Amino acid sequence: MAAIGLGFFLKIGAADWCWIVSAIVLVFAMEILNTAIEVLCDHQHPEIHPRIKQVKDLAAAAVLITAIGAV
């Protein structure tokens with residue numbers, strides 16, 4: 001929301017809007033992928049397991065890195 005609001009405030013051009021929308025879509029897509037991985041891991045191994053925790057942490061880190069790159 002902040003990126004969109006700032007874009008309107010700064011009156012950015014069409015090319016810049018394309019980059020902003022692409023970054024937003026990429027972050028949303030990574031978040032959906034992260035959720036899918038977590039649901040699959042929980043389905044396969046419902047109890048706490050160190051390897052499953054590691055997989056979930058790595059998926060969350062991918063989302064974080066994508067969000068930082070989008071900024």
# chains A, B, ... in the order shown; residues from 1 in each chain; ligands from 1
>>> residues_around(residues="segment 67-69 of chain A", least_positions_apart="5", cutoff="10 Å", atoms="only C-alpha atoms", output="NGL selection string")
:A and (23-24 or 26-28 or 30-31 or 61-62)
>>> write_last_selection(atoms="all heavy atoms", output="CSV table (one decimal), in the first residue's frame")
chain,number,residue,atom,x,y,z
A,23,ALA,N,7.1,-6.1,-8.8
A,23,ALA,CA,7.7,-6.4,-7.5
A,23,ALA,C,6.6,-6.9,-6.5
A,23,ALA,O,6.8,-7.8,-5.8
A,23,ALA,CB,8.4,-5.2,-6.9
A,24,ILE,N,5.5,-6.2,-6.6
A,24,ILE,CA,4.4,-6.6,-5.7
A,24,ILE,C,3.9,-8.0,-6.0
A,24,ILE,O,3.7,-8.8,-5.1
A,24,ILE,CB,3.2,-5.5,-5.8
A,24,ILE,CG1,3.7,-4.2,-5.2
A,24,ILE,CG2,2.0,-6.0,-5.1
A,24,ILE,CD1,2.7,-3.0,-5.4
A,26,LEU,N,5.5,-10.4,-7.5
A,26,LEU,CA,6.5,-11.3,-7.1
A,26,LEU,C,6.5,-11.7,-5.6
A,26,LEU,O,6.6,-12.8,-5.3
A,26,LEU,CB,7.9,-10.8,-7.5
A,26,LEU,CG,9.1,-11.8,-7.3
A,26,LEU,CD1,8.9,-13.1,-8.1
A,26,LEU,CD2,10.4,-11.1,-7.7
A,27,VAL,N,6.3,-10.7,-4.8
A,27,VAL,CA,6.3,-10.9,-3.4
A,27,VAL,C,5.0,-11.7,-3.0
A,27,VAL,O,5.1,-12.7,-2.2
A,27,VAL,CB,6.3,-9.6,-2.6
A,27,VAL,CG1,6.0,-9.8,-1.1
A,27,VAL,CG2,7.7,-8.9,-2.8
A,28,PHE,N,3.9,-11.4,-3.6
A,28,PHE,CA,2.7,-12.1,-3.4
A,28,PHE,C,2.8,-13.6,-3.8
A,28,PHE,O,2.4,-14.5,-3.1
A,28,PHE,CB,1.5,-11.5,-4.1
A,28,PHE,CG,0.8,-10.5,-3.3
A,28,PHE,CD1,0.6,-9.2,-3.8
A,28,PHE,CD2,0.3,-10.7,-2.0
A,28,PHE,CE1,0.0,-8.2,-3.1
A,28,PHE,CE2,-0.3,-9.7,-1.3
A,28,PHE,CZ,-0.5,-8.4,-1.8
A,30,MET,N,5.6,-15.3,-4.1
A,30,MET,CA,6.5,-16.0,-3.1
A,30,MET,C,5.8,-16.3,-1.8
A,30,MET,O,6.0,-17.4,-1.2
A,30,MET,CB,7.7,-15.1,-2.8
A,30,MET,CG,8.7,-15.1,-4.0
A,30,MET,SD,9.4,-16.7,-4.5
A,30,MET,CE,10.3,-17.1,-3.0
A,31,GLU,N,4.9,-15.4,-1.4
A,31,GLU,CA,4.1,-15.7,-0.2
A,31,GLU,C,3.2,-16.9,-0.4
A,31,GLU,O,3.1,-17.7,0.5
A,31,GLU,CB,3.4,-14.5,0.3
A,31,GLU,CG,2.7,-14.6,1.6
A,31,GLU,CD,3.7,-14.8,2.7
A,31,GLU,OE1,4.7,-14.1,2.9
A,31,GLU,OE2,3.5,-15.8,3.5
A,61,ALA,N,12.5,-17.4,4.5
A,61,ALA,CA,13.6,-16.6,4.1
A,61,ALA,C,13.5,-16.1,2.7
A,61,ALA,O,13.9,-15.0,2.3
A,61,ALA,CB,14.9,-17.3,4.4
A,62,ALA,N,13.1,-17.0,1.8
A,62,ALA,CA,12.9,-16.6,0.4
A,62,ALA,C,11.9,-15.5,0.2
A,62,ALA,O,12.1,-14.6,-0.6
A,62,ALA,CB,12.4,-17.9,-0.4
>>> residues_around(residues="Ile37 of chain A", least_positions_apart="3", cutoff="10 Å", atoms="only C-alpha atoms", output="list in words")
Glu31, Ile32, Leu33, Asn34, Leu40, Cys41, Asp42, His43, Ile52, Val55, Lys56, Ala59 and Ala60 of chain A
>>> residues_around(residues="Ile4 of chain A", least_positions_apart="5", cutoff="9 Å", atoms="only C-alpha atoms", output="compact mmCIF listing (two decimals) with N, CA and C atoms, in the first residue's frame")
# COMPACT_ATOMS: atom_id res chain seq x y z
N PHE A 9 1.73 9.72 -5.20
CA PHE A 9 2.20 10.99 -4.67
C PHE A 9 3.32 11.57 -5.53
N TRP A 17 5.67 2.20 -12.95
CA TRP A 17 4.52 1.45 -12.43
C TRP A 17 4.66 -0.03 -12.76
N ILE A 20 7.00 -1.53 -10.22
CA ILE A 20 6.38 -1.62 -8.89
C ILE A 20 5.36 -2.76 -8.86
N VAL A 21 4.52 -2.83 -9.88
CA VAL A 21 3.52 -3.90 -9.92
C VAL A 21 4.21 -5.26 -10.02
>>> atom_distance(atom1="atom CA of Leu58 of chain A", atom2="atom CA of Ala36 of chain A")
13.2 Å
>>> decode(residues="segment 22-50 of chain A", atoms="N, CA, C and O atoms", output="PDB file, in the first residue's frame")
ATOM      1  N   SER A  22       5.271  -5.360 -10.796  1.00  0.00           N
ATOM      2  CA  SER A  22       6.017  -6.617 -10.906  1.00  0.00           C
ATOM      3  C   SER A  22       6.594  -7.038  -9.561  1.00  0.00           C
ATOM      4  O   SER A  22       6.546  -8.217  -9.195  1.00  0.00           O
ATOM      5  N   ALA A  23       7.140  -6.089  -8.815  1.00  0.00           N
ATOM      6  CA  ALA A  23       7.706  -6.393  -7.499  1.00  0.00           C
ATOM      7  C   ALA A  23       6.615  -6.856  -6.537  1.00  0.00           C
ATOM      8  O   ALA A  23       6.797  -7.820  -5.777  1.00  0.00           O
ATOM      9  N   ILE A  24       5.479  -6.190  -6.568  1.00  0.00           N
ATOM     10  CA  ILE A  24       4.366  -6.563  -5.688  1.00  0.00           C
ATOM     11  C   ILE A  24       3.867  -7.965  -6.027  1.00  0.00           C
ATOM     12  O   ILE A  24       3.658  -8.796  -5.134  1.00  0.00           O
ATOM     13  N   VAL A  25       3.697  -8.247  -7.306  1.00  0.00           N
ATOM     14  CA  VAL A  25       3.229  -9.567  -7.736  1.00  0.00           C
ATOM     15  C   VAL A  25       4.227 -10.646  -7.351  1.00  0.00           C
ATOM     16  O   VAL A  25       3.845 -11.733  -6.892  1.00  0.00           O
ATOM     17  N   LEU A  26       5.512 -10.361  -7.497  1.00  0.00           N
ATOM     18  CA  LEU A  26       6.535 -11.340  -7.139  1.00  0.00           C
ATOM     19  C   LEU A  26       6.503 -11.663  -5.645  1.00  0.00           C
ATOM     20  O   LEU A  26       6.594 -12.827  -5.253  1.00  0.00           O
ATOM     21  N   VAL A  27       6.347 -10.659  -4.814  1.00  0.00           N
ATOM     22  CA  VAL A  27       6.271 -10.890  -3.370  1.00  0.00           C
ATOM     23  C   VAL A  27       5.029 -11.703  -3.023  1.00  0.00           C
ATOM     24  O   VAL A  27       5.097 -12.652  -2.235  1.00  0.00           O
ATOM     25  N   PHE A  28       3.876 -11.361  -3.623  1.00  0.00           N
ATOM     26  CA  PHE A  28       2.659 -12.146  -3.384  1.00  0.00           C
ATOM     27  C   PHE A  28       2.842 -13.596  -3.836  1.00  0.00           C
ATOM     28  O   PHE A  28       2.419 -14.532  -3.149  1.00  0.00           O
ATOM     29  N   ALA A  29       3.454 -13.796  -4.987  1.00  0.00           N
ATOM     30  CA  ALA A  29       3.670 -15.149  -5.497  1.00  0.00           C
ATOM     31  C   ALA A  29       4.576 -15.947  -4.563  1.00  0.00           C
ATOM     32  O   ALA A  29       4.317 -17.130  -4.289  1.00  0.00           O
ATOM     33  N   MET A  30       5.625 -15.308  -4.052  1.00  0.00           N
ATOM     34  CA  MET A  30       6.511 -15.994  -3.108  1.00  0.00           C
ATOM     35  C   MET A  30       5.783 -16.333  -1.810  1.00  0.00           C
ATOM     36  O   MET A  30       6.011 -17.388  -1.222  1.00  0.00           O
ATOM     37  N   GLU A  31       4.916 -15.445  -1.371  1.00  0.00           N
ATOM     38  CA  GLU A  31       4.149 -15.709  -0.154  1.00  0.00           C
ATOM     39  C   GLU A  31       3.203 -16.898  -0.358  1.00  0.00           C
ATOM     40  O   GLU A  31       3.051 -17.737   0.539  1.00  0.00           O
ATOM     41  N   ILE A  32       2.583 -16.978  -1.524  1.00  0.00           N
ATOM     42  CA  ILE A  32       1.708 -18.110  -1.822  1.00  0.00           C
ATOM     43  C   ILE A  32       2.519 -19.402  -1.885  1.00  0.00           C
ATOM     44  O   ILE A  32       2.090 -20.444  -1.362  1.00  0.00           O
ATOM     45  N   LEU A  33       3.685 -19.356  -2.494  1.00  0.00           N
ATOM     46  CA  LEU A  33       4.558 -20.525  -2.547  1.00  0.00           C
ATOM     47  C   LEU A  33       4.981 -20.948  -1.145  1.00  0.00           C
ATOM     48  O   LEU A  33       4.992 -22.146  -0.824  1.00  0.00           O
ATOM     49  N   ASN A  34       5.319 -19.994  -0.300  1.00  0.00           N
ATOM     50  CA  ASN A  34       5.682 -20.278   1.081  1.00  0.00           C
ATOM     51  C   ASN A  34       4.529 -20.961   1.817  1.00  0.00           C
ATOM     52  O   ASN A  34       4.730 -21.951   2.523  1.00  0.00           O
ATOM     53  N   THR A  35       3.324 -20.456   1.639  1.00  0.00           N
ATOM     54  CA  THR A  35       2.157 -21.049   2.279  1.00  0.00           C
ATOM     55  C   THR A  35       1.930 -22.470   1.782  1.00  0.00           C
ATOM     56  O   THR A  35       1.621 -23.373   2.570  1.00  0.00           O
ATOM     57  N   ALA A  36       2.093 -22.683   0.484  1.00  0.00           N
ATOM     58  CA  ALA A  36       1.920 -24.024  -0.074  1.00  0.00           C
ATOM     59  C   ALA A  36       2.936 -24.999   0.515  1.00  0.00           C
ATOM     60  O   ALA A  36       2.598 -26.144   0.850  1.00  0.00           O
ATOM     61  N   ILE A  37       4.162 -24.555   0.657  1.00  0.00           N
ATOM     62  CA  ILE A  37       5.199 -25.408   1.245  1.00  0.00           C
ATOM     63  C   ILE A  37       4.855 -25.735   2.697  1.00  0.00           C
ATOM     64  O   ILE A  37       4.979 -26.893   3.127  1.00  0.00           O
ATOM     65  N   GLU A  38       4.412 -24.751   3.452  1.00  0.00           N
ATOM     66  CA  GLU A  38       4.056 -24.985   4.847  1.00  0.00           C
ATOM     67  C   GLU A  38       2.884 -25.949   4.975  1.00  0.00           C
ATOM     68  O   GLU A  38       2.913 -26.853   5.816  1.00  0.00           O
ATOM     69  N   VAL A  39       1.859 -25.784   4.145  1.00  0.00           N
ATOM     70  CA  VAL A  39       0.697 -26.685   4.195  1.00  0.00           C
ATOM     71  C   VAL A  39       1.117 -28.111   3.838  1.00  0.00           C
ATOM     72  O   VAL A  39       0.708 -29.074   4.496  1.00  0.00           O
ATOM     73  N   LEU A  40       1.929 -28.247   2.799  1.00  0.00           N
ATOM     74  CA  LEU A  40       2.400 -29.566   2.396  1.00  0.00           C
ATOM     75  C   LEU A  40       3.232 -30.219   3.498  1.00  0.00           C
ATOM     76  O   LEU A  40       3.061 -31.405   3.807  1.00  0.00           O
ATOM     77  N   CYS A  41       4.130 -29.453   4.105  1.00  0.00           N
ATOM     78  CA  CYS A  41       4.954 -29.983   5.196  1.00  0.00           C
ATOM     79  C   CYS A  41       4.092 -30.404   6.387  1.00  0.00           C
ATOM     80  O   CYS A  41       4.323 -31.467   6.973  1.00  0.00           O
ATOM     81  N   ASP A  42       3.106 -29.589   6.733  1.00  0.00           N
ATOM     82  CA  ASP A  42       2.224 -29.927   7.852  1.00  0.00           C
ATOM     83  C   ASP A  42       1.402 -31.179   7.549  1.00  0.00           C
ATOM     84  O   ASP A  42       1.109 -31.970   8.444  1.00  0.00           O
ATOM     85  N   HIS A  43       1.030 -31.342   6.284  1.00  0.00           N
ATOM     86  CA  HIS A  43       0.259 -32.524   5.899  1.00  0.00           C
ATOM     87  C   HIS A  43       1.120 -33.786   5.977  1.00  0.00           C
ATOM     88  O   HIS A  43       0.673 -34.823   6.454  1.00  0.00           O
ATOM     89  N   GLN A  44       2.352 -33.683   5.501  1.00  0.00           N
ATOM     90  CA  GLN A  44       3.247 -34.833   5.487  1.00  0.00           C
ATOM     91  C   GLN A  44       3.755 -35.198   6.878  1.00  0.00           C
ATOM     92  O   GLN A  44       3.965 -36.370   7.156  1.00  0.00           O
ATOM     93  N   HIS A  45       4.004 -34.192   7.696  1.00  0.00           N
ATOM     94  CA  HIS A  45       4.637 -34.419   8.996  1.00  0.00           C
ATOM     95  C   HIS A  45       3.989 -33.490  10.014  1.00  0.00           C
ATOM     96  O   HIS A  45       4.550 -32.442  10.348  1.00  0.00           O
ATOM     97  N   PRO A  46       2.803 -33.844  10.543  1.00  0.00           N
ATOM     98  CA  PRO A  46       2.060 -32.934  11.427  1.00  0.00           C
ATOM     99  C   PRO A  46       2.776 -32.584  12.734  1.00  0.00           C
ATOM    100  O   PRO A  46       2.622 -31.488  13.245  1.00  0.00           O
ATOM    101  N   GLU A  47       3.576 -33.493  13.244  1.00  0.00           N
ATOM    102  CA  GLU A  47       4.291 -33.182  14.488  1.00  0.00           C
ATOM    103  C   GLU A  47       5.560 -32.379  14.187  1.00  0.00           C
ATOM    104  O   GLU A  47       6.023 -32.321  13.059  1.00  0.00           O
ATOM    105  N   ILE A  48       6.080 -31.757  15.209  1.00  0.00           N
ATOM    106  CA  ILE A  48       7.283 -30.917  15.054  1.00  0.00           C
ATOM    107  C   ILE A  48       8.475 -31.802  14.699  1.00  0.00           C
ATOM    108  O   ILE A  48       8.719 -32.829  15.331  1.00  0.00           O
ATOM    109  N   HIS A  49       9.189 -31.372  13.676  1.00  0.00           N
ATOM    110  CA  HIS A  49      10.368 -32.110  13.216  1.00  0.00           C
ATOM    111  C   HIS A  49      11.423 -31.097  12.788  1.00  0.00           C
ATOM    112  O   HIS A  49      11.109 -30.130  12.103  1.00  0.00           O
ATOM    113  N   PRO A  50      12.692 -31.317  13.168  1.00  0.00           N
ATOM    114  CA  PRO A  50      13.730 -30.323  12.853  1.00  0.00           C
ATOM    115  C   PRO A  50      13.929 -30.072  11.357  1.00  0.00           C
ATOM    116  O   PRO A  50      14.170 -28.943  10.939  1.00  0.00           O
TER     117      PRO A  50
END
